Each structure stands twice: as C-alpha cells, then as structure tokens.
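protein-v7.cif follows (mmCIF, C-alpha atoms (C1' of nucleotides)):
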```cif
data_protein
loop_
_atom_site.label_atom_id
_atom_site.label_comp_id
_atom_site.auth_asym_id
_atom_site.auth_seq_id
_atom_site.Cartn_x
_atom_site.Cartn_y
_atom_site.Cartn_z
CA MET I 26 12.37 -13.20 10.74
CA ARG I 27 9.67 -10.57 10.44
CA ILE I 28 8.76 -9.27 6.95
CA ALA I 29 6.43 -6.31 6.45
CA THR I 30 5.00 -4.48 3.46
CA TRP I 31 3.38 -1.05 3.52
CA ASN I 32 2.10 1.33 0.88
CA VAL I 33 2.99 4.55 2.70
CA ASN I 34 1.49 7.01 0.16
CA SER I 35 4.50 9.39 0.29
CA ALA I 36 7.42 8.40 2.47
CA LYS I 37 8.07 12.08 3.15
CA GLN I 38 4.58 12.75 4.50
CA ARG I 39 4.58 9.43 6.37
CA MET I 40 7.88 9.84 8.21
CA PRO I 41 6.18 10.74 11.53
CA ARG I 42 4.26 7.45 11.29
CA LEU I 43 6.86 5.25 9.62
CA LEU I 44 9.81 5.74 11.96
CA PRO I 45 7.92 5.08 15.24
CA TRP I 46 6.19 2.12 13.58
CA LEU I 47 9.57 0.58 12.70
CA GLU I 48 10.63 0.97 16.33
CA GLU I 49 7.40 -0.57 17.58
CA ARG I 50 7.02 -3.50 15.20
CA ARG I 51 10.70 -4.17 14.58
CA PRO I 52 10.38 -5.81 11.16
CA ASP I 53 13.61 -7.33 9.82
CA VAL I 54 12.67 -6.70 6.20
CA VAL I 55 10.37 -3.90 5.05
CA CYS I 56 8.88 -3.38 1.59
CA LEU I 57 7.60 0.13 0.95
CA GLN I 58 5.46 1.35 -1.93
CA GLU I 59 4.40 4.77 -3.18
CA THR I 60 7.35 6.53 -1.62
CA LYS I 61 6.82 9.27 -4.26
CA LEU I 62 10.50 10.19 -3.88
CA THR I 63 13.53 10.42 -6.11
CA ASP I 64 16.47 8.26 -5.05
CA ALA I 65 18.28 11.47 -4.04
CA ALA I 66 15.37 12.61 -1.85
CA PHE I 67 15.14 9.16 -0.23
CA ASP I 68 18.85 9.28 0.56
CA GLU I 69 18.57 12.77 2.03
CA LEU I 70 15.44 12.15 4.09
CA LEU I 71 15.55 8.55 5.20
CA VAL I 72 18.95 6.90 5.02
CA ALA I 73 20.28 8.47 8.24
CA PRO I 74 17.25 7.67 10.43
CA LEU I 75 17.04 4.18 8.94
CA THR I 76 20.72 3.56 9.61
CA ASP I 77 20.11 4.63 13.23
CA LEU I 78 17.41 1.95 13.41
CA GLY I 79 19.80 -0.65 11.99
CA TYR I 80 18.49 -0.86 8.44
CA GLU I 81 20.27 -1.05 5.15
CA SER I 82 18.08 0.29 2.38
CA ALA I 83 17.62 0.46 -1.36
CA HIS I 84 15.21 2.75 -3.18
CA HIS I 85 13.90 3.05 -6.72
CA GLY I 86 11.93 6.15 -7.61
CA HIS I 87 11.63 9.15 -9.86
CA GLY I 88 9.53 11.40 -7.57
CA GLY I 89 5.90 12.38 -8.00
CA PHE I 90 4.33 8.97 -8.52
CA ASN I 91 5.22 5.38 -7.62
CA GLY I 92 8.55 4.68 -5.91
CA VAL I 93 9.46 1.47 -4.04
CA ALA I 94 12.03 0.59 -1.40
CA LEU I 95 13.48 -2.29 0.59
CA LEU I 96 14.80 -1.99 4.14
CA SER I 97 16.63 -4.86 5.81
CA ARG I 98 18.49 -5.78 8.97
CA VAL I 99 19.24 -9.29 7.71
CA GLY I 100 21.25 -8.45 4.59
CA LEU I 101 20.38 -6.71 1.33
CA GLY I 102 22.13 -8.52 -1.50
CA ASP I 103 21.90 -8.46 -5.28
CA VAL I 104 19.52 -5.49 -5.42
CA GLU I 105 17.60 -5.34 -8.69
CA ARG I 106 15.51 -2.37 -9.87
CA ASP I 107 12.63 -3.25 -12.23
CA PHE I 108 12.42 -6.85 -13.51
CA PRO I 109 13.40 -8.47 -16.80
CA GLY I 110 10.72 -7.86 -19.41
CA GLN I 111 8.91 -5.24 -17.34
CA PRO I 112 6.38 -3.45 -19.57
CA GLN I 113 6.39 0.29 -20.01
CA TYR I 114 3.40 2.62 -19.76
CA ARG I 115 3.27 5.04 -22.69
CA GLY I 116 6.99 4.66 -23.25
CA VAL I 117 8.05 5.01 -19.60
CA THR I 118 9.43 2.30 -17.31
CA GLU I 119 7.82 3.21 -14.01
CA ALA I 120 9.47 2.67 -10.60
CA ARG I 121 7.20 -0.11 -9.34
CA ALA I 122 9.53 -3.03 -8.52
CA ILE I 123 12.69 -3.63 -6.52
CA SER I 124 14.02 -6.93 -5.21
CA ALA I 125 16.89 -8.18 -3.10
CA THR I 126 18.10 -11.21 -1.17
CA CYS I 127 17.35 -10.72 2.54
CA GLY I 128 17.81 -13.41 5.17
CA GLY I 129 18.21 -16.10 2.51
CA LEU I 130 15.00 -15.14 0.74
CA ARG I 131 14.35 -13.29 -2.52
CA VAL I 132 12.08 -10.41 -1.48
CA HIS I 133 10.23 -8.21 -3.97
CA SER I 134 8.67 -4.85 -3.10
CA LEU I 135 5.96 -4.28 -5.70
CA TYR I 136 3.52 -1.57 -6.64
CA VAL I 137 1.28 -3.12 -9.28
CA PRO I 138 -0.33 -0.64 -11.71
CA ASN I 139 -3.80 0.42 -10.59
CA GLY I 140 -5.59 -0.30 -13.86
CA ARG I 141 -7.90 2.73 -13.49
CA GLU I 142 -10.82 1.67 -15.71
CA VAL I 143 -11.41 -1.74 -17.26
CA ASP I 144 -11.66 -0.14 -20.73
CA SER I 145 -8.32 1.65 -20.51
CA ASP I 146 -4.77 1.15 -21.70
CA HIS I 147 -3.77 1.25 -18.03
CA TYR I 148 -5.80 -1.90 -17.37
CA ASP I 149 -4.10 -3.67 -20.29
CA TYR I 150 -0.77 -2.47 -18.91
CA LYS I 151 -1.66 -3.89 -15.49
CA LEU I 152 -2.40 -7.33 -16.95
CA GLU I 153 0.79 -7.32 -19.04
CA TRP I 154 2.81 -6.14 -16.06
CA LEU I 155 1.56 -9.01 -13.87
CA HIS I 156 2.12 -11.55 -16.65
CA ALA I 157 5.70 -10.40 -17.22
CA LEU I 158 6.37 -10.38 -13.47
CA ALA I 159 5.24 -14.00 -13.19
CA ALA I 160 7.70 -14.99 -15.91
CA ALA I 161 10.53 -13.09 -14.22
CA VAL I 162 9.79 -14.64 -10.81
CA ALA I 163 9.51 -18.14 -12.31
CA SER I 164 13.09 -17.89 -13.56
CA GLY I 165 14.34 -16.69 -10.16
CA PRO I 166 15.13 -18.41 -6.84
CA GLU I 167 12.75 -20.95 -5.27
CA ASP I 168 12.49 -19.17 -1.91
CA VAL I 169 10.60 -16.03 -2.79
CA ALA I 170 8.13 -13.54 -1.34
CA LEU I 171 6.25 -11.05 -3.49
CA CYS I 172 5.21 -8.25 -1.17
CA GLY I 173 3.28 -5.14 -1.92
CA ASP I 174 0.26 -3.33 -3.22
CA MET I 175 -1.04 -5.78 -5.81
CA ASN I 176 -4.11 -3.62 -6.60
CA VAL I 177 -6.12 -6.85 -6.86
CA ALA I 178 -8.55 -8.23 -4.28
CA PRO I 179 -8.08 -12.01 -4.64
CA THR I 180 -11.66 -12.99 -3.75
CA ALA I 181 -15.05 -11.45 -2.94
CA THR I 182 -14.27 -11.94 0.77
CA ASP I 183 -11.55 -9.33 0.36
CA LEU I 184 -14.10 -6.58 -0.36
CA PHE I 185 -16.49 -4.73 1.94
CA ASP I 186 -19.27 -5.18 -0.64
CA PRO I 187 -18.63 -7.22 -3.80
CA ALA I 188 -21.66 -5.60 -5.47
CA ALA I 189 -20.01 -2.19 -5.18
CA PHE I 190 -17.11 -3.31 -7.37
CA VAL I 191 -18.96 -4.83 -10.31
CA GLY I 192 -17.54 -3.37 -13.50
CA HIS I 193 -14.50 -1.94 -11.72
CA THR I 194 -10.85 -2.88 -11.69
CA HIS I 195 -9.20 -4.85 -8.83
CA VAL I 196 -11.83 -7.62 -8.96
CA THR I 197 -12.05 -8.79 -12.58
CA GLY I 198 -11.39 -12.36 -13.64
CA PRO I 199 -8.26 -11.57 -15.65
CA GLU I 200 -6.69 -9.63 -12.76
CA ARG I 201 -7.42 -12.43 -10.27
CA GLU I 202 -6.17 -15.04 -12.75
CA ARG I 203 -2.86 -13.17 -13.07
CA ILE I 204 -2.44 -13.23 -9.28
CA ALA I 205 -3.31 -16.93 -9.09
CA ALA I 206 -0.94 -17.69 -11.98
CA PHE I 207 2.08 -16.90 -9.80
CA GLY I 208 1.43 -20.27 -8.18
CA LEU I 209 2.33 -18.73 -4.82
CA ILE I 210 0.54 -18.74 -1.47
CA ASP I 211 -1.36 -15.71 -0.16
CA VAL I 212 0.03 -16.18 3.32
CA VAL I 213 -2.31 -13.88 5.25
CA ARG I 214 -5.38 -15.56 3.75
CA ALA I 215 -3.82 -18.98 4.30
CA HIS I 216 -3.32 -18.09 7.97
CA TRP I 217 -6.87 -16.70 8.39
CA PRO I 218 -8.98 -18.71 5.92
CA GLU I 219 -12.36 -17.74 7.44
CA ALA I 220 -11.66 -14.13 8.37
CA VAL I 221 -14.00 -11.43 7.08
CA ARG I 222 -13.39 -7.67 6.91
CA MET I 223 -9.66 -8.39 6.83
CA PHE I 224 -8.79 -5.26 4.86
CA SER I 225 -5.52 -3.48 4.10
CA TYR I 226 -6.82 -0.41 2.26
CA TRP I 227 -9.57 2.10 2.96
CA ASP I 228 -10.22 5.12 0.76
CA TYR I 229 -9.54 8.42 2.51
CA ARG I 230 -12.89 9.74 1.36
CA ALA I 231 -16.35 9.60 2.91
CA GLY I 232 -15.26 8.06 6.22
CA MET I 233 -14.57 4.71 4.63
CA PHE I 234 -12.14 3.62 7.36
CA HIS I 235 -14.48 4.75 10.12
CA GLN I 236 -17.19 2.56 8.58
CA ASP I 237 -14.66 -0.24 7.91
CA LEU I 238 -15.43 -0.21 4.18
CA GLY I 239 -12.14 -1.50 2.80
CA MET I 240 -10.41 -3.96 0.53
CA ARG I 241 -7.51 -6.40 0.93
CA ILE I 242 -5.15 -5.59 -1.92
CA ASP I 243 -1.79 -5.56 -0.09
CA LEU I 244 -0.49 -9.10 -0.18
CA VAL I 245 2.45 -11.33 0.64
CA LEU I 246 2.61 -14.10 -1.96
CA ALA I 247 5.19 -16.68 -0.99
CA SER I 248 6.57 -19.95 -2.28
CA LYS I 249 5.50 -23.04 -0.33
CA SER I 250 9.01 -23.29 1.10
CA VAL I 251 8.47 -19.88 2.72
CA ALA I 252 4.76 -20.24 3.47
CA ASP I 253 5.48 -23.41 5.46
CA ARG I 254 7.55 -21.28 7.84
CA VAL I 255 4.83 -18.71 8.59
CA ALA I 256 4.26 -18.42 12.34
CA ALA I 257 2.08 -15.31 12.19
CA ALA I 258 0.50 -13.23 9.44
CA TRP I 259 -1.66 -10.20 10.02
CA ILE I 260 -2.65 -6.71 8.96
CA ASP I 261 -1.55 -3.94 11.29
CA ARG I 262 -4.83 -2.05 11.26
CA ALA I 263 -3.71 0.24 14.09
CA ALA I 264 -1.34 1.96 11.68
CA ARG I 265 -4.36 3.16 9.64
CA LYS I 266 -5.76 5.00 12.67
CA GLY I 267 -4.80 8.33 14.20
CA LYS I 268 -3.17 11.40 12.74
CA ALA I 269 -2.00 11.57 9.11
CA PRO I 270 -2.13 7.85 8.27
CA SER I 271 -1.49 6.28 4.89
CA ASP I 272 -4.64 4.99 3.23
CA HIS I 273 -3.07 1.50 3.47
CA ALA I 274 -2.22 -0.56 6.56
CA PRO I 275 0.99 -2.62 6.77
CA VAL I 276 0.98 -6.39 6.37
CA ILE I 277 3.26 -8.30 8.75
CA VAL I 278 4.48 -11.89 8.35
CA ASP I 279 6.70 -13.74 10.84
CA LEU I 280 8.74 -16.70 9.65
CA ASP I 281 10.02 -19.22 12.17
CA THR I 282 12.90 -21.66 11.84
CA ALA I 283 14.93 -21.29 8.69
CA PRO I 284 15.43 -24.36 6.47
CA ASP I 285 18.95 -24.92 7.85
CA GLY I 286 17.73 -24.86 11.45
CA ASP I 287 19.10 -21.37 12.20
CA ILE I 288 16.27 -19.51 13.89
CA GLY I 289 17.64 -16.21 12.65
CA PRO I 290 17.01 -12.83 14.26
CA VAL I 291 14.62 -13.00 17.17
CA VAL I 292 11.88 -10.37 17.18
CA PRO I 293 12.25 -8.32 20.38
CA PRO I 294 9.27 -7.79 22.67
CA PRO I 295 6.97 -4.82 21.97
CA SER I 296 8.29 -1.46 23.11
CA ASN I 297 4.93 -0.59 24.72
CA PRO I 298 5.77 -0.84 28.46
CA ARG I 299 2.18 -1.55 29.39
CA ARG I 300 2.36 -4.78 27.44
CA ALA I 301 5.98 -5.67 27.97
CA GLY I 302 6.59 -8.45 30.44
CA GLY I 303 3.36 -10.22 29.70
CA ALA I 304 1.22 -8.71 32.46
CA PRO I 305 -1.83 -10.92 32.98
CA LEU I 306 -5.11 -9.71 31.59
CA PRO I 307 -7.89 -8.91 34.06
CA PRO I 308 -10.47 -11.68 34.48
CA ARG I 309 -13.30 -11.60 31.97
CA ARG I 310 -16.52 -10.03 33.09
CA GLY I 311 -18.67 -12.78 34.59
CA SER I 312 -15.72 -15.13 34.96
CA ARG I 313 -15.69 -17.30 38.07
CA GLY I 314 -11.91 -17.48 37.90
CA SER I 315 -10.54 -20.55 39.66
CA GLU I 316 -13.49 -20.95 42.05
CA VAL I 317 -14.83 -24.45 42.28
CA THR I 318 -18.47 -24.68 41.28
CA ARG I 319 -20.54 -26.43 43.91
"C1'" DA N 25 -24.17 14.65 -3.41
"C1'" DT N 26 -22.17 11.99 -10.53
"C1'" DG N 27 -19.92 13.42 -4.24
"C1'" DG N 28 -15.74 12.35 -0.58
"C1'" DT N 29 -9.62 13.10 0.79
"C1'" DT N 30 -4.76 13.22 0.24
"C1'" DG N 31 -0.41 14.08 -2.30
"C1'" DC N 32 2.23 16.13 -5.89
"C1'" DG N 33 3.52 20.25 -7.65
"C1'" DC N 34 0.89 23.96 -9.95
"C1'" DT N 35 -3.91 22.99 -11.60
"C1'" DG N 36 -5.48 19.12 -12.67
"C1'" DC N 37 -4.60 14.39 -12.06
"C1'" DA N 38 -3.87 9.98 -9.73
"C1'" DA N 39 -5.42 7.02 -6.30
#
```

Would you write out, as structure tokens, the structure that this file holds?
Amino acid sequence: MRIATWNVNSAKQRMPRLLPWLEERRPDVVCLQETKLTDAAFDELLVAPLTDLGYESAHHGHGGFNGVALLSRVGLGDVERDFPGQPQYRGVTEARAISATCGGLRVHSLYVPNGREVDSDHYDYKLEWLHALAAAVASGPEDVALCGDMNVAPTATDLFDPAAFVGHTHVTGPERERIAAFGLIDVVRAHWPEAVRMFSYWDYRAGMFHQDLGMRIDLVLASKSVADRVAAAWIDRAARKGKAPSDHAPVIVDLDTAPDGDIGPVVPPPSNPRRAGGAPLPPRRGSRGSEVTR
DNA sequence: ATGGTTGCGCTGCAA
C-alpha cells in the first residue's frame, strides 16, 4: 500500500500537476494540504477526475487559506474533520485536519499552523495545536500515520543551513519537542538516517530550489506497527521541478505485507514506457563489464 | 537588495 502526502499550495492551481502525478505514482492513499478550496469547489473541480482515477475523497476547507483532503483507493471510513480539542485561532476553527480509516490504518492529513514569528500568538497557537493533536491521536487507534505539512524541521540536518534559522519558527526546541512527543516514527528519516539535503520544501523566492536551499517539514509520523512495514520512503523531488510546481514536494511511503498477511493492493509499474519492463541500464563509464581481468 | 515568488481575492497578507 502506497501512502503519499503533498502540500499542493492550491489544488485548483495544481490540477495540471496533481492529476498526472496521481497517474504516474499511483498512491493508494493521498493526503493533501493547502487545497485553498471550499468543500463545494473541491466537489466541483476534483471529484469527477478523482473518481475516474479510482479514488474516493473527502475534503475539509473554507476557501482562501488552509484546506485538507484525503483520497483513497483502499477504503475511506469514519471520516473525521478537525480533531477533538482542536484549538481555534482568534475564535476560528481552521480547516487543518482530516482523518479516515484507509486500508486498515488511521490516516491523518494535517496542515500544522505555521507559527509565523516566535513572539506571536500564532506560534503559541501552533504549540497548543500540536499538543492537542497528540492527545487526540493517543486516544485513537494503534495503527496510525500522521501525514502532512508539520511546519517543523525535526533536526538541524533537515535544514539547508541551521544558522539561517536561528531565532525563527520551525526549528525551536518547543516545536521539535511537540513533534517528538507524539512518540511516533519519522519514517522517511528512519529509512534514510544519514541522508543530507533531503528536503520537501523550497521557498519560491530567490531561486531557492535551483540552489537546493530547502527544509524537510513534510513528514509521515507512524506508529511502530506501521513503521515496521515500510518498504520504501522517499521525497518525490521531481514534482517540485518544471512548470507551475507547488513549493512543496510529495512524500511517498510504501508499506509491505499487512499484519494479517494480506499483501493488499499491489503498486503497478511506472507508466513511463522508457522505464517500464526493467530495461537494463547501460554499462557504467569505465566498466569492464563481464570481461575477465588477466 | 530589510529583497525574492505565488496564491487569494482585491490590496495587502500569508507562506
């Protein structure tokens, strides 16, 4: 079962990237953030093309800002908008969380508040929001994956230059402590413990992507029961390239055998015909191939 | 350069 999460920065603007990406990567469960749509607009724009691709979907949004969605081809049960005890910002409950049971797993699509400045009410809101989410998740099912834009870089390795972030949000002790307090496993980092420049977000401005000056703030945090099933975990950096990208790249996690031994939906081969069929790579430059050295 | 870009929805604000 393939799970993906992607902050699309407007589902409407990203449709020309999102739909072909779904066809190419074939995720079974997709968590979207920053759709910036109302539920009515999501229904009008996306439900028909998603149905054609085999997805059920659920959306939670008020338009303008925020907005989260779940897409699934492996069931979409017990959909919940917001979470119990979710804090408000200045009297408003923002559309930043939706969860459902997909393929036997409780999946959350989350858009954690940005925090803006450390000395702001938005930062306090961010910390409260993460604390309340941890309590809500702790009282939920054991098999869980929190997927989304956490707006926290877990460690200094997740930043292009730690010195550039001193005094800013996304890197402070309290933010990182709230992420750690979930007691869940950051499955991409667990899969690539030594990787550097493994980013999921690059600011649109000043050629940050071109210079590979990014951050890893889009995470899949999973219970050990789920993390033990991870066969692959990676950031789809190619989706940040080209025309009209989001400023975030998707995160993709493949789970192998389910706990009951059912292998579940099999991920089809890539649609790219040049790669389909497993054509052998050309020999490496300087390779002697199978020649026997005398 | 107190900068840069994108999106929303009107004009400045959020990211």

For this session: Rank I:Leu158, I:Leu244, I:Met233, I:Val93 by their smallest atom-to-atom distance to chain N, using only C-alpha atoms (C1' of nucleotides), and report the top residue only.
Result: I:Met233

Report as a PDB file with C-alpha atoms, keeping the file's coordinate frame the set of chain I residues whose atoms approach chain N to within 9 Å, with distances computed over all atoms listed in the file.
```pdb
ATOM      1  CA  ASN I  34       1.490   7.010   0.160  1.00  0.00           C
ATOM      2  CA  SER I  35       4.500   9.390   0.290  1.00  0.00           C
ATOM      3  CA  GLN I  38       4.580  12.750   4.500  1.00  0.00           C
ATOM      4  CA  LYS I  61       6.820   9.270  -4.260  1.00  0.00           C
ATOM      5  CA  GLY I  88       9.530  11.400  -7.570  1.00  0.00           C
ATOM      6  CA  GLY I  89       5.900  12.380  -8.000  1.00  0.00           C
ATOM      7  CA  PHE I  90       4.330   8.970  -8.520  1.00  0.00           C
ATOM      8  CA  ASN I 139      -3.800   0.420 -10.590  1.00  0.00           C
ATOM      9  CA  ARG I 141      -7.900   2.730 -13.490  1.00  0.00           C
ATOM     10  CA  ASP I 228     -10.220   5.120   0.760  1.00  0.00           C
ATOM     11  CA  TYR I 229      -9.540   8.420   2.510  1.00  0.00           C
ATOM     12  CA  ARG I 230     -12.890   9.740   1.360  1.00  0.00           C
ATOM     13  CA  ALA I 231     -16.350   9.600   2.910  1.00  0.00           C
ATOM     14  CA  GLY I 232     -15.260   8.060   6.220  1.00  0.00           C
ATOM     15  CA  SER I 271      -1.490   6.280   4.890  1.00  0.00           C
ATOM     16  CA  ASP I 272      -4.640   4.990   3.230  1.00  0.00           C
TER      17      ASP I 272
END
```

For this session: Figure out the distance between CA of Ser225 (chain I) and CA of Ala263 (chain I), please, to one decimal in Å.
Result: 10.8 Å

Exercise. Hey, what comes out of the PyMOL selection byres ((chain I and resi 260) around 7) on this file? Could you write it as a ChimeraX atom specification?
Worked result: /I:225,259,261-262,274-277

Restricted to C-alpha atoms, what would the selected residues look like written as an mmCIF file, keeping the file's coordinate frame?
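Okay, out-v4.cif is ready:
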```cif
data_model
loop_
_atom_site.group_PDB
_atom_site.id
_atom_site.type_symbol
_atom_site.label_atom_id
_atom_site.label_comp_id
_atom_site.auth_asym_id
_atom_site.auth_seq_id
_atom_site.Cartn_x
_atom_site.Cartn_y
_atom_site.Cartn_z
ATOM 1 C CA SER I 225 -5.520 -3.480 4.100
ATOM 2 C CA TRP I 259 -1.660 -10.200 10.020
ATOM 3 C CA ASP I 261 -1.550 -3.940 11.290
ATOM 4 C CA ARG I 262 -4.830 -2.050 11.260
ATOM 5 C CA ALA I 274 -2.220 -0.560 6.560
ATOM 6 C CA PRO I 275 0.990 -2.620 6.770
ATOM 7 C CA VAL I 276 0.980 -6.390 6.370
ATOM 8 C CA ILE I 277 3.260 -8.300 8.750
#
```

Any chance you could work out the residue set of the PyMOL selection byres ((chain I and resi 31) around 8) here, as a PDB file with C-alpha atoms, in the frame of the given file?
```
ATOM      1  CA  ALA I  29       6.430  -6.310   6.450  1.00  0.00           C
ATOM      2  CA  THR I  30       5.000  -4.480   3.460  1.00  0.00           C
ATOM      3  CA  ASN I  32       2.100   1.330   0.880  1.00  0.00           C
ATOM      4  CA  VAL I  33       2.990   4.550   2.700  1.00  0.00           C
ATOM      5  CA  VAL I  55      10.370  -3.900   5.050  1.00  0.00           C
ATOM      6  CA  CYS I  56       8.880  -3.380   1.590  1.00  0.00           C
ATOM      7  CA  LEU I  57       7.600   0.130   0.950  1.00  0.00           C
ATOM      8  CA  GLN I  58       5.460   1.350  -1.930  1.00  0.00           C
ATOM      9  CA  GLY I 173       3.280  -5.140  -1.920  1.00  0.00           C
ATOM     10  CA  ASP I 174       0.260  -3.330  -3.220  1.00  0.00           C
ATOM     11  CA  ASP I 243      -1.790  -5.560  -0.090  1.00  0.00           C
ATOM     12  CA  HIS I 273      -3.070   1.500   3.470  1.00  0.00           C
ATOM     13  CA  ALA I 274      -2.220  -0.560   6.560  1.00  0.00           C
ATOM     14  CA  PRO I 275       0.990  -2.620   6.770  1.00  0.00           C
ATOM     15  CA  VAL I 276       0.980  -6.390   6.370  1.00  0.00           C
TER      16      VAL I 276
END
```

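Between CA of Thr180 (chain I) and CA of Val213 (chain I) the separation is 13.0 Å.
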
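Residues matched by the PyMOL selection byres ((chain I and resi 168) around 8) in this file: Gly129, Leu130, Arg131, Pro166, Glu167, Val169, Ala170, Ala247, Ser248, Ser250 and Val251 of chain I.
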
Written file, previous selection with C-alpha atoms, as a compact mmCIF listing (two decimals), in the frame of the given file:
```txt
# COMPACT_ATOMS: atom_id res chain seq x y z
CA GLY I 129 18.21 -16.10 2.51
CA LEU I 130 15.00 -15.14 0.74
CA ARG I 131 14.35 -13.29 -2.52
CA PRO I 166 15.13 -18.41 -6.84
CA GLU I 167 12.75 -20.95 -5.27
CA VAL I 169 10.60 -16.03 -2.79
CA ALA I 170 8.13 -13.54 -1.34
CA ALA I 247 5.19 -16.68 -0.99
CA SER I 248 6.57 -19.95 -2.28
CA SER I 250 9.01 -23.29 1.10
CA VAL I 251 8.47 -19.88 2.72
```

Problem set entry | Which of I:Ala125, I:Ala65, I:Val54, I:Ala36 sits closest to Asp279 (chain I) [using only C-alpha atoms] | I:Val54

Problem set entry | Neighbour list for Gly198 (chain I) as a PyMOL selection string, cut-off 12 Å, all atoms listed in the file, skip fewer than 4 positions in-chain | chain I and resi 143+152+177-181+191-194+202-206

If you keep C-alpha atoms, can you produce a file of those selected residues as a PDB file, in the coordinates of the input?
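Dumped to out_29.pdb:
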```pdb
ATOM      1  CA  VAL I 143     -11.410  -1.740 -17.260  1.00  0.00           C
ATOM      2  CA  LEU I 152      -2.400  -7.330 -16.950  1.00  0.00           C
ATOM      3  CA  VAL I 177      -6.120  -6.850  -6.860  1.00  0.00           C
ATOM      4  CA  ALA I 178      -8.550  -8.230  -4.280  1.00  0.00           C
ATOM      5  CA  PRO I 179      -8.080 -12.010  -4.640  1.00  0.00           C
ATOM      6  CA  THR I 180     -11.660 -12.990  -3.750  1.00  0.00           C
ATOM      7  CA  ALA I 181     -15.050 -11.450  -2.940  1.00  0.00           C
ATOM      8  CA  VAL I 191     -18.960  -4.830 -10.310  1.00  0.00           C
ATOM      9  CA  GLY I 192     -17.540  -3.370 -13.500  1.00  0.00           C
ATOM     10  CA  HIS I 193     -14.500  -1.940 -11.720  1.00  0.00           C
ATOM     11  CA  THR I 194     -10.850  -2.880 -11.690  1.00  0.00           C
ATOM     12  CA  GLU I 202      -6.170 -15.040 -12.750  1.00  0.00           C
ATOM     13  CA  ARG I 203      -2.860 -13.170 -13.070  1.00  0.00           C
ATOM     14  CA  ILE I 204      -2.440 -13.230  -9.280  1.00  0.00           C
ATOM     15  CA  ALA I 205      -3.310 -16.930  -9.090  1.00  0.00           C
ATOM     16  CA  ALA I 206      -0.940 -17.690 -11.980  1.00  0.00           C
TER      17      ALA I 206
END
```

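Relative to CA of Glu200 (chain I), CA of Trp217 (chain I) is found at 22.3 Å.
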